[in-house]
$ cat coords_35.pdb   # PDB, C-alpha atoms and all ligand atoms
MODEL        1
ATOM      1  CA  MET T   1       6.556 -10.484   0.999  1.00  0.00           C
ATOM      2  CA  SER T   2       3.881 -12.520   2.815  1.00  0.00           C
ATOM      3  CA  GLU T   3       1.246 -11.741   0.190  1.00  0.00           C
ATOM      4  CA  LEU T   4       3.683 -12.583  -2.597  1.00  0.00           C
ATOM      5  CA  ILE T   5       4.706 -15.860  -0.992  1.00  0.00           C
ATOM      6  CA  LYS T   6       1.024 -16.717  -0.595  1.00  0.00           C
ATOM      7  CA  ASN T   7       0.421 -15.810  -4.261  1.00  0.00           C
ATOM      8  CA  PRO T   8       3.113 -17.584  -6.288  1.00  0.00           C
ATOM      9  CA  THR T   9       1.743 -16.358  -9.633  1.00  0.00           C
ATOM     10  CA  ALA T  10       2.185 -12.735  -8.544  1.00  0.00           C
ATOM     11  CA  MET T  11       5.637 -13.568  -7.146  1.00  0.00           C
ATOM     12  CA  ARG T  12       6.713 -15.130 -10.460  1.00  0.00           C
ATOM     13  CA  LYS T  13       5.400 -12.146 -12.468  1.00  0.00           C
ATOM     14  CA  LEU T  14       7.303  -9.740 -10.239  1.00  0.00           C
ATOM     15  CA  GLN T  15      10.497 -11.793 -10.383  1.00  0.00           C
ATOM     16  CA  ASP T  16      10.253 -11.894 -14.195  1.00  0.00           C
ATOM     17  CA  GLU T  17       9.691  -8.145 -14.420  1.00  0.00           C
ATOM     18  CA  VAL T  18      12.561  -7.234 -12.099  1.00  0.00           C
ATOM     19  CA  CYS T  19      14.958  -9.738 -13.696  1.00  0.00           C
ATOM     20  CA  LYS T  20      14.192  -8.263 -17.129  1.00  0.00           C
ATOM     21  CA  THR T  21      15.000  -4.802 -15.770  1.00  0.00           C
ATOM     22  CA  GLU T  22      18.368  -5.727 -14.325  1.00  0.00           C
ATOM     23  CA  SER T  23      20.678  -5.234 -17.235  1.00  0.00           C
ATOM     24  CA  SER T  24      23.842  -5.703 -15.237  1.00  0.00           C
ATOM     25  CA  GLY T  25      24.739  -7.250 -11.895  1.00  0.00           C
ATOM     26  CA  ILE T  26      22.374  -9.078  -9.590  1.00  0.00           C
ATOM     27  CA  PHE T  27      21.017  -6.049  -7.728  1.00  0.00           C
ATOM     28  CA  ALA T  28      18.338  -3.738  -9.083  1.00  0.00           C
ATOM     29  CA  LYS T  29      19.253  -0.095  -8.847  1.00  0.00           C
ATOM     30  CA  ALA T  30      16.767   2.569  -7.801  1.00  0.00           C
ATOM     31  CA  ASP T  31      16.898   4.361 -11.169  1.00  0.00           C
ATOM     32  CA  MET T  32      15.803   1.179 -12.983  1.00  0.00           C
ATOM     33  CA  LEU T  33      12.462   1.178 -11.205  1.00  0.00           C
ATOM     34  CA  GLY T  34      10.363   3.546 -13.336  1.00  0.00           C
ATOM     35  CA  ALA T  35       6.638   3.403 -14.082  1.00  0.00           C
ATOM     36  CA  THR T  36       7.282   2.065 -17.571  1.00  0.00           C
ATOM     37  CA  THR T  37      10.039  -0.414 -16.620  1.00  0.00           C
ATOM     38  CA  THR T  38       8.447  -1.898 -13.493  1.00  0.00           C
ATOM     39  CA  PRO T  39       4.659  -1.350 -13.563  1.00  0.00           C
ATOM     40  CA  TYR T  40       3.974  -4.646 -11.798  1.00  0.00           C
ATOM     41  CA  LEU T  41       6.313  -3.752  -8.921  1.00  0.00           C
ATOM     42  CA  LYS T  42       4.383  -0.517  -8.434  1.00  0.00           C
ATOM     43  CA  ALA T  43       1.074  -2.376  -8.616  1.00  0.00           C
ATOM     44  CA  VAL T  44       2.277  -4.879  -5.965  1.00  0.00           C
ATOM     45  CA  VAL T  45       3.246  -2.041  -3.602  1.00  0.00           C
ATOM     46  CA  LYS T  46      -0.121  -0.333  -4.157  1.00  0.00           C
ATOM     47  CA  GLU T  47      -2.086  -3.529  -3.565  1.00  0.00           C
ATOM     48  CA  THR T  48      -0.127  -4.173  -0.363  1.00  0.00           C
ATOM     49  CA  LEU T  49      -0.813  -0.638   0.894  1.00  0.00           C
ATOM     50  CA  ARG T  50      -4.495  -1.173   0.059  1.00  0.00           C
ATOM     51  CA  LEU T  51      -4.893  -4.449   1.936  1.00  0.00           C
ATOM     52  CA  HIS T  52      -2.451  -3.738   4.770  1.00  0.00           C
ATOM     53  CA  PRO T  53      -2.288   0.038   5.321  1.00  0.00           C
ATOM     54  CA  PRO T  54       0.463   0.621   7.940  1.00  0.00           C
ATOM     55  CA  ALA T  55      -1.647   3.454   9.409  1.00  0.00           C
ATOM     56  CA  PRO T  56      -5.098   1.780   9.329  1.00  0.00           C
ATOM     57  CA  LEU T  57      -6.800   4.710  11.134  1.00  0.00           C
ATOM     58  CA  LEU T  58      -4.533   7.365   9.549  1.00  0.00           C
ATOM     59  CA  LEU T  59      -3.681  10.016  12.184  1.00  0.00           C
ATOM     60  CA  PRO T  60      -6.354  11.527  14.448  1.00  0.00           C
ATOM     61  CA  LEU T  61      -7.859  14.737  13.085  1.00  0.00           C
ATOM     62  CA  GLU T  62      -9.872  17.477  14.768  1.00  0.00           C
ATOM     63  CA  CYS T  63     -12.869  19.064  13.095  1.00  0.00           C
ATOM     64  CA  MET T  64     -12.173  22.818  13.125  1.00  0.00           C
ATOM     65  CA  PRO T  65     -15.647  24.252  12.273  1.00  0.00           C
ATOM     66  CA  ASP T  66     -19.041  22.614  12.811  1.00  0.00           C
ATOM     67  CA  ALA T  67     -19.630  20.398   9.769  1.00  0.00           C
ATOM     68  CA  THR T  68     -22.212  18.137   8.177  1.00  0.00           C
ATOM     69  CA  VAL T  69     -20.922  15.027   6.396  1.00  0.00           C
ATOM     70  CA  LEU T  70     -23.422  12.820   4.557  1.00  0.00           C
ATOM     71  CA  GLY T  71     -26.152  14.138   6.813  1.00  0.00           C
ATOM     72  CA  TYR T  72     -24.220  13.583  10.055  1.00  0.00           C
ATOM     73  CA  HIS T  73     -23.470  16.582  12.231  1.00  0.00           C
ATOM     74  CA  VAL T  74     -19.811  16.725  13.334  1.00  0.00           C
ATOM     75  CA  ALA T  75     -19.364  19.320  16.060  1.00  0.00           C
ATOM     76  CA  LYS T  76     -16.395  21.687  16.074  1.00  0.00           C
ATOM     77  CA  GLY T  77     -13.562  20.145  18.119  1.00  0.00           C
ATOM     78  CA  THR T  78     -14.618  16.514  17.509  1.00  0.00           C
ATOM     79  CA  ARG T  79     -11.748  14.068  17.195  1.00  0.00           C
ATOM     80  CA  VAL T  80     -12.182  12.212  13.908  1.00  0.00           C
ATOM     81  CA  PHE T  81     -10.615   8.911  12.892  1.00  0.00           C
ATOM     82  CA  VAL T  82     -10.744   7.880   9.224  1.00  0.00           C
ATOM     83  CA  ILE T  83     -10.770   4.093   9.009  1.00  0.00           C
ATOM     84  CA  ALA T  84      -8.649   3.627   5.893  1.00  0.00           C
ATOM     85  CA  TRP T  85      -8.477  -0.127   6.478  1.00  0.00           C
ATOM     86  CA  ALA T  86     -12.256  -0.468   5.947  1.00  0.00           C
ATOM     87  CA  ILE T  87     -12.371   2.083   3.097  1.00  0.00           C
ATOM     88  CA  HIS T  88      -9.683   0.063   1.279  1.00  0.00           C
ATOM     89  CA  ARG T  89     -11.833  -3.081   1.492  1.00  0.00           C
ATOM     90  CA  ASP T  90     -15.190  -1.521   0.615  1.00  0.00           C
ATOM     91  CA  PRO T  91     -16.827  -3.818  -1.971  1.00  0.00           C
ATOM     92  CA  ASP T  92     -18.619  -0.785  -3.478  1.00  0.00           C
ATOM     93  CA  SER T  93     -15.209   0.552  -4.561  1.00  0.00           C
ATOM     94  CA  TRP T  94     -13.180  -2.613  -5.061  1.00  0.00           C
ATOM     95  CA  HIS T  95     -13.884  -5.786  -7.008  1.00  0.00           C
ATOM     96  CA  ALA T  96     -12.918  -8.903  -4.948  1.00  0.00           C
ATOM     97  CA  ALA T  97     -11.948  -6.444  -2.207  1.00  0.00           C
ATOM     98  CA  ASP T  98     -10.290  -8.973   0.135  1.00  0.00           C
ATOM     99  CA  LYS T  99      -8.142 -10.593  -2.571  1.00  0.00           C
ATOM    100  CA  PHE T 100      -4.510  -9.705  -3.342  1.00  0.00           C
ATOM    101  CA  LEU T 101      -4.770  -8.730  -7.020  1.00  0.00           C
ATOM    102  CA  PRO T 102      -2.008  -6.282  -8.069  1.00  0.00           C
ATOM    103  CA  GLU T 103      -3.398  -6.462 -11.627  1.00  0.00           C
ATOM    104  CA  ARG T 104      -6.303  -4.232 -10.559  1.00  0.00           C
ATOM    105  CA  PHE T 105      -3.889  -1.264 -10.579  1.00  0.00           C
ATOM    106  CA  LEU T 106      -2.239  -1.961 -13.948  1.00  0.00           C
ATOM    107  CA  GLU T 107      -4.882  -0.372 -16.168  1.00  0.00           C
ATOM    108  CA  SER T 108      -6.161   1.996 -13.514  1.00  0.00           C
ATOM    109  CA  GLU T 109      -5.589   5.666 -12.744  1.00  0.00           C
ATOM    110  CA  VAL T 110      -6.265   5.076  -9.037  1.00  0.00           C
ATOM    111  CA  ASP T 111      -3.364   6.382  -6.989  1.00  0.00           C
ATOM    112  CA  PHE T 112      -2.522   7.118  -3.348  1.00  0.00           C
ATOM    113  CA  ARG T 113      -1.606  10.779  -3.781  1.00  0.00           C
ATOM    114  CA  GLY T 114      -4.811  12.023  -2.234  1.00  0.00           C
ATOM    115  CA  GLY T 115      -6.985  12.358  -5.357  1.00  0.00           C
ATOM    116  CA  HIS T 116      -8.853   9.033  -4.992  1.00  0.00           C
ATOM    117  CA  PHE T 117     -10.642   8.741  -1.663  1.00  0.00           C
ATOM    118  CA  PRO T 118     -11.184   4.944  -1.841  1.00  0.00           C
ATOM    119  CA  PHE T 119      -7.385   4.596  -1.560  1.00  0.00           C
ATOM    120  CA  ILE T 120      -5.738   6.784   1.111  1.00  0.00           C
ATOM    121  CA  PRO T 121      -2.835   4.926   2.797  1.00  0.00           C
ATOM    122  CA  PHE T 122      -0.964   8.246   3.165  1.00  0.00           C
ATOM    123  CA  GLY T 123      -4.040  10.332   3.967  1.00  0.00           C
ATOM    124  CA  ALA T 124      -5.193  13.241   1.788  1.00  0.00           C
ATOM    125  CA  GLY T 125      -5.383  17.004   1.775  1.00  0.00           C
ATOM    126  CA  ARG T 126      -2.953  19.439   3.291  1.00  0.00           C
ATOM    127  CA  ARG T 127      -1.765  17.007   6.021  1.00  0.00           C
ATOM    128  CA  ILE T 128      -1.015  14.202   3.537  1.00  0.00           C
ATOM    129  CA  CYS T 129       2.116  12.243   4.500  1.00  0.00           C
ATOM    130  CA  PRO T 130       5.225  14.168   3.412  1.00  0.00           C
ATOM    131  CA  GLY T 131       7.271  10.948   3.659  1.00  0.00           C
ATOM    132  CA  MET T 132       5.301   9.270   0.843  1.00  0.00           C
ATOM    133  CA  GLN T 133       7.903   9.506  -1.919  1.00  0.00           C
ATOM    134  CA  PHE T 134      10.768   8.525   0.385  1.00  0.00           C
ATOM    135  CA  THR T 135       8.748   5.526   1.569  1.00  0.00           C
ATOM    136  CA  LEU T 136       7.869   4.391  -1.941  1.00  0.00           C
ATOM    137  CA  SER T 137      11.445   4.576  -3.218  1.00  0.00           C
ATOM    138  CA  THR T 138      12.649   2.613  -0.190  1.00  0.00           C
ATOM    139  CA  ILE T 139       9.984  -0.101  -0.415  1.00  0.00           C
ATOM    140  CA  GLU T 140      10.343  -0.528  -4.183  1.00  0.00           C
ATOM    141  CA  PHE T 141      14.112  -0.718  -3.921  1.00  0.00           C
ATOM    142  CA  ALA T 142      14.035  -3.277  -1.100  1.00  0.00           C
ATOM    143  CA  LEU T 143      11.372  -5.416  -2.782  1.00  0.00           C
ATOM    144  CA  ALA T 144      13.087  -5.343  -6.164  1.00  0.00           C
ATOM    145  CA  ASN T 145      16.205  -6.738  -4.519  1.00  0.00           C
ATOM    146  CA  LEU T 146      14.574  -9.298  -2.230  1.00  0.00           C
ATOM    147  CA  VAL T 147      12.282 -10.860  -4.786  1.00  0.00           C
ATOM    148  CA  PRO T 148      14.701 -12.093  -7.466  1.00  0.00           C
ATOM    149  CA  THR T 149      17.522 -12.987  -5.091  1.00  0.00           C
ATOM    150  CA  PHE T 150      15.866 -16.085  -3.574  1.00  0.00           C
ATOM    151  CA  ASP T 151      13.050 -18.536  -4.302  1.00  0.00           C
ATOM    152  CA  TRP T 152      10.704 -17.760  -1.431  1.00  0.00           C
ATOM    153  CA  GLU T 153       8.292 -20.283   0.094  1.00  0.00           C
ATOM    154  CA  LEU T 154       6.369 -20.854   3.312  1.00  0.00           C
ATOM    155  CA  SER T 155       8.201 -22.894   5.925  1.00  0.00           C
ATOM    156  CA  ASP T 156       7.537 -26.577   6.725  1.00  0.00           C
ATOM    157  CA  GLY T 157       5.497 -27.142   3.568  1.00  0.00           C
ATOM    158  CA  MET T 158       2.688 -24.853   4.810  1.00  0.00           C
ATOM    159  CA  ALA T 159      -0.102 -24.361   2.240  1.00  0.00           C
ATOM    160  CA  PRO T 160      -0.766 -20.700   1.256  1.00  0.00           C
ATOM    161  CA  GLU T 161      -4.328 -20.824   2.637  1.00  0.00           C
ATOM    162  CA  GLU T 162      -2.995 -21.945   6.050  1.00  0.00           C
ATOM    163  CA  HIS T 163      -0.862 -18.810   6.383  1.00  0.00           C
ATOM    164  CA  ASP T 164      -2.814 -16.456   8.670  1.00  0.00           C
ATOM    165  CA  MET T 165      -2.780 -12.888   7.325  1.00  0.00           C
ATOM    166  CA  SER T 166      -5.468 -11.448   9.587  1.00  0.00           C
ATOM    167  CA  ASP T 167      -4.565  -8.072  11.099  1.00  0.00           C
ATOM    168  CA  ALA T 168      -4.367  -7.245  14.804  1.00  0.00           C
ATOM    169  CA  PRO T 169      -3.241  -4.201  16.801  1.00  0.00           C
ATOM    170  CA  GLY T 170       0.500  -4.344  17.451  1.00  0.00           C
ATOM    171  CA  TRP T 171       0.888  -2.011  20.395  1.00  0.00           C
TER     172      TRP T 171
HETATM  173  C1  LIG M 201       4.538   3.170   4.593  1.00  0.00           C
HETATM  174  C2  LIG M 201       5.001   4.266   5.220  1.00  0.00           C
HETATM  175  C3  LIG M 201       4.128   5.406   5.669  1.00  0.00           C
HETATM  176  C4  LIG M 201       2.765   5.497   5.744  1.00  0.00           C
HETATM  177  C5  LIG M 201       1.708   4.466   5.354  1.00  0.00           C
HETATM  178  C6  LIG M 201       2.463   6.815   6.253  1.00  0.00           C
HETATM  179  C7  LIG M 201       1.184   7.288   6.461  1.00  0.00           C
HETATM  180  C8  LIG M 201       0.897   8.533   6.982  1.00  0.00           C
HETATM  181  C9  LIG M 201      -0.441   9.010   7.233  1.00  0.00           C
HETATM  182  C10 LIG M 201      -1.725   8.229   6.974  1.00  0.00           C
HETATM  183  C11 LIG M 201      -0.350  10.260   7.721  1.00  0.00           C
HETATM  184  C12 LIG M 201      -1.531  11.170   8.118  1.00  0.00           C
HETATM  185  C13 LIG M 201      -2.032  11.914   6.900  1.00  0.00           C
HETATM  186  C14 LIG M 201      -3.363  12.596   7.109  1.00  0.00           C
HETATM  187  O1  LIG M 201      -3.742  12.887   8.258  1.00  0.00           O
HETATM  188  O2  LIG M 201      -4.073  12.872   6.096  1.00  0.00           O
HETATM  189  C15 LIG M 201       1.060  10.598   7.782  1.00  0.00           C
HETATM  190  C16 LIG M 201       1.561  11.788   8.225  1.00  0.00           C
HETATM  191  C17 LIG M 201       2.895  12.073   8.323  1.00  0.00           C
HETATM  192  N1  LIG M 201       3.944  11.291   7.884  1.00  0.00           N
HETATM  193 FE1  LIG M 201       3.806   9.448   7.112  1.00  0.00          FE
HETATM  194  N2  LIG M 201       3.630   7.496   6.473  1.00  0.00           N
HETATM  195  C18 LIG M 201       4.673   6.686   6.139  1.00  0.00           C
HETATM  196  C19 LIG M 201       6.020   6.995   6.172  1.00  0.00           C
HETATM  197  C20 LIG M 201       6.530   8.208   6.552  1.00  0.00           C
HETATM  198  C21 LIG M 201       7.936   8.546   6.531  1.00  0.00           C
HETATM  199  C22 LIG M 201       9.041   7.611   6.037  1.00  0.00           C
HETATM  200  C23 LIG M 201       8.031   9.803   7.000  1.00  0.00           C
HETATM  201  C24 LIG M 201       9.237  10.668   7.197  1.00  0.00           C
HETATM  202  C25 LIG M 201      10.378  10.470   6.557  1.00  0.00           C
HETATM  203  C26 LIG M 201       6.696  10.268   7.324  1.00  0.00           C
HETATM  204  C27 LIG M 201       6.379  11.500   7.849  1.00  0.00           C
HETATM  205  C28 LIG M 201       5.108  11.940   8.145  1.00  0.00           C
HETATM  206  C29 LIG M 201       4.812  13.227   8.789  1.00  0.00           C
HETATM  207  C30 LIG M 201       5.813  14.270   9.259  1.00  0.00           C
HETATM  208  C31 LIG M 201       3.422  13.309   8.886  1.00  0.00           C
HETATM  209  C32 LIG M 201       2.595  14.455   9.481  1.00  0.00           C
HETATM  210  C33 LIG M 201       2.235  15.457   8.396  1.00  0.00           C
HETATM  211  C34 LIG M 201       1.341  16.567   8.914  1.00  0.00           C
HETATM  212  O3  LIG M 201       0.558  16.367   9.850  1.00  0.00           O
HETATM  213  O4  LIG M 201       1.377  17.664   8.340  1.00  0.00           O
HETATM  214  N3  LIG M 201       5.818   9.277   7.017  1.00  0.00           N
HETATM  215  N4  LIG M 201       1.791   9.528   7.332  1.00  0.00           N
ENDMDL
END
$ encode --input "coords_35.pdb" --output "structure tokens"
Amino acid sequence: MSELIKNPTAMRKLQDEVCKTESSGIFAKADMLGATTTPYLKAVVKETLRLHPPAPLLLPLECMPDATVLGYHVAKGTRVFVIAWAIHRDPDSWHAADKFLPERFLESEVDFRGGHFPFIPFGAGRRICPGMQFTLSTIEFALANLVPTFDWELSDGMAPEEHDMSDAPGW
């Protein structure tokens, strides 16, 4: 919601898409939110997970055998943290990496299901998050109902660039 409020063009596009989808009543229903009916909604969720991964270091892993990764030796038993936050903002993988641009996902095959390593908000491999689909349905449903219901803006006339979106540990 913060990124959308800071980016009114994206907010308007999403409101238009969701409003078009709602054929009856004011609330979007979960079964209206398909890839063909609401592609922009899905792109907004992806772009948010890219810029603000809720698990920025994923979960700690332990290297089971001795391994060599890109020339670095990782000894058996080493605790490994994968810094998804930095991977998601790597300019070698992402154009305008620090910008909120949901459009980047519209014509792209890049997904978070573990097949594209530049984008791993739910991890990858056999320990990939089993709550992924539940999470996505919940977020899409909530967003599709919040966005068209009100006209959202920053409080006290704050300009979008004044709204601080820098991340910090929350524990
Ligand atoms: C935005 C929401 C969520 C994010 C970003 C997220 C992210 C993650 C990540 C990064 C991992 C580690 C994957 C890896 O090591 O490769 C993980 C594991 C896990 N997640 Fe989630 N998760 C979310 C929501 C949920 C929900 C809603 C549930 C349960 C209903 C859930 C259940 C689990 C479980 C059980 C694991 C451990 C899987 C294992 O080690 O085999 N997650 N999640």
$ residues_near_ligand --input "coords_35.pdb" --ligand "ligand LIG 201 (chain M)" --cutoff "9 Å" --atoms "all atoms listed in the file" --output "ChimeraX atom specification"
/T:49,53-61,82,84,114,120-136,138-139
$ write_last_selection --input "coords_35.pdb" --atoms "C-alpha atoms" --output "compact mmCIF listing (two decimals), keeping the file's coordinate frame"
# COMPACT_ATOMS: atom_id res chain seq x y z
CA LEU T 49 -0.81 -0.64 0.89
CA PRO T 53 -2.29 0.04 5.32
CA PRO T 54 0.46 0.62 7.94
CA ALA T 55 -1.65 3.45 9.41
CA PRO T 56 -5.10 1.78 9.33
CA LEU T 57 -6.80 4.71 11.13
CA LEU T 58 -4.53 7.36 9.55
CA LEU T 59 -3.68 10.02 12.18
CA PRO T 60 -6.35 11.53 14.45
CA LEU T 61 -7.86 14.74 13.08
CA VAL T 82 -10.74 7.88 9.22
CA ALA T 84 -8.65 3.63 5.89
CA GLY T 114 -4.81 12.02 -2.23
CA ILE T 120 -5.74 6.78 1.11
CA PRO T 121 -2.84 4.93 2.80
CA PHE T 122 -0.96 8.25 3.16
CA GLY T 123 -4.04 10.33 3.97
CA ALA T 124 -5.19 13.24 1.79
CA GLY T 125 -5.38 17.00 1.78
CA ARG T 126 -2.95 19.44 3.29
CA ARG T 127 -1.76 17.01 6.02
CA ILE T 128 -1.01 14.20 3.54
CA CYS T 129 2.12 12.24 4.50
CA PRO T 130 5.22 14.17 3.41
CA GLY T 131 7.27 10.95 3.66
CA MET T 132 5.30 9.27 0.84
CA GLN T 133 7.90 9.51 -1.92
CA PHE T 134 10.77 8.52 0.38
CA THR T 135 8.75 5.53 1.57
CA LEU T 136 7.87 4.39 -1.94
CA THR T 138 12.65 2.61 -0.19
CA ILE T 139 9.98 -0.10 -0.42
$ residues_around --input "coords_35.pdb" --residues "Ala75 in chain T" --least-positions-apart "5" --cutoff "8 Å" --atoms "all atoms listed in the file" --output "list of chain:residue names"
T:Cys63, T:Pro65, T:Asp66, T:Ala67
$ resolve_selection --input "coords_35.pdb" --expression "the PyMOL selection byres (((chain T and resi 79) around 6) and not hetatm)" --output "ChimeraX atom specification"
/T:61-62,78,80
$ closest_residue --input "coords_35.pdb" --among "T:His163, T:Lys46, T:Gly157, T:Asn145" --to "Glu103 in chain T" --atoms "all atoms listed in the file"
T:Lys46
$ closest_residue --input "coords_35.pdb" --among "T:Asp31, T:Glu153, T:Asp90, T:Glu161" --to "Phe119 in chain T" --atoms "only C-alpha atoms"
T:Asp90
$ closest_residue --input "coords_35.pdb" --among "T:Phe105, T:Phe100, T:Trp85, T:Trp94" --to "Thr48 in chain T" --atoms "all atoms listed in the file"
T:Phe100
$ residues_around --input "coords_35.pdb" --residues "Tyr40 in chain T" --least-positions-apart "3" --cutoff "9 Å" --atoms "all atoms listed in the file" --output "PyMOL selection string"
chain T and resi 10+13-14+17-18+35+37+43-45+102-103+105-106
$ closest_residue --input "coords_35.pdb" --among "T:Ile87, T:Val110, T:Met165, T:Leu41" --to "Thr21 in chain T" --atoms "only C-alpha atoms"
T:Leu41
$ build_atoms --input "coords_35.pdb" --residues "range 49-66 of chain T" --atoms "N, CA and C atoms" --output "compact mmCIF listing (two decimals), in the coordinates of the input"
# COMPACT_ATOMS: atom_id res chain seq x y z
N LEU T 49 -0.37 -1.79 0.09
CA LEU T 49 -0.81 -0.64 0.89
C LEU T 49 -2.34 -0.59 1.00
N ARG T 50 -3.02 -1.13 -0.01
CA ARG T 50 -4.50 -1.17 0.06
C ARG T 50 -4.95 -2.18 1.12
N LEU T 51 -4.42 -3.39 1.04
CA LEU T 51 -4.89 -4.45 1.94
C LEU T 51 -4.32 -4.32 3.35
N HIS T 52 -3.12 -3.80 3.46
CA HIS T 52 -2.45 -3.74 4.77
C HIS T 52 -1.91 -2.32 5.02
N PRO T 53 -2.79 -1.33 5.10
CA PRO T 53 -2.29 0.04 5.32
C PRO T 53 -1.55 0.12 6.67
N PRO T 54 -0.29 0.57 6.68
CA PRO T 54 0.46 0.62 7.94
C PRO T 54 -0.17 1.57 8.97
N ALA T 55 -0.92 2.57 8.49
CA ALA T 55 -1.65 3.45 9.41
C ALA T 55 -3.15 3.24 9.16
N PRO T 56 -3.72 2.15 9.71
CA PRO T 56 -5.10 1.78 9.33
C PRO T 56 -6.16 2.80 9.74
N LEU T 57 -5.85 3.65 10.74
CA LEU T 57 -6.80 4.71 11.13
C LEU T 57 -6.25 6.08 10.74
N LEU T 58 -5.28 6.13 9.87
CA LEU T 58 -4.53 7.36 9.55
C LEU T 58 -4.06 8.00 10.87
N LEU T 59 -4.00 9.34 10.92
CA LEU T 59 -3.68 10.02 12.18
C LEU T 59 -4.96 10.71 12.67
N PRO T 60 -5.14 10.86 13.97
CA PRO T 60 -6.35 11.53 14.45
C PRO T 60 -6.43 12.96 13.94
N LEU T 61 -7.63 13.37 13.58
CA LEU T 61 -7.86 14.74 13.08
C LEU T 61 -8.85 15.42 14.02
N GLU T 62 -8.88 16.76 13.97
CA GLU T 62 -9.87 17.48 14.77
C GLU T 62 -10.68 18.36 13.84
N CYS T 63 -12.00 18.27 13.96
CA CYS T 63 -12.87 19.06 13.10
C CYS T 63 -12.83 20.53 13.56
N MET T 64 -12.38 21.42 12.69
CA MET T 64 -12.17 22.82 13.12
C MET T 64 -13.48 23.62 13.18
N PRO T 65 -14.33 23.61 12.11
CA PRO T 65 -15.65 24.25 12.27
C PRO T 65 -16.71 23.16 12.49
N ASP T 66 -17.91 23.55 12.86
CA ASP T 66 -19.04 22.61 12.81
C ASP T 66 -19.21 22.16 11.37
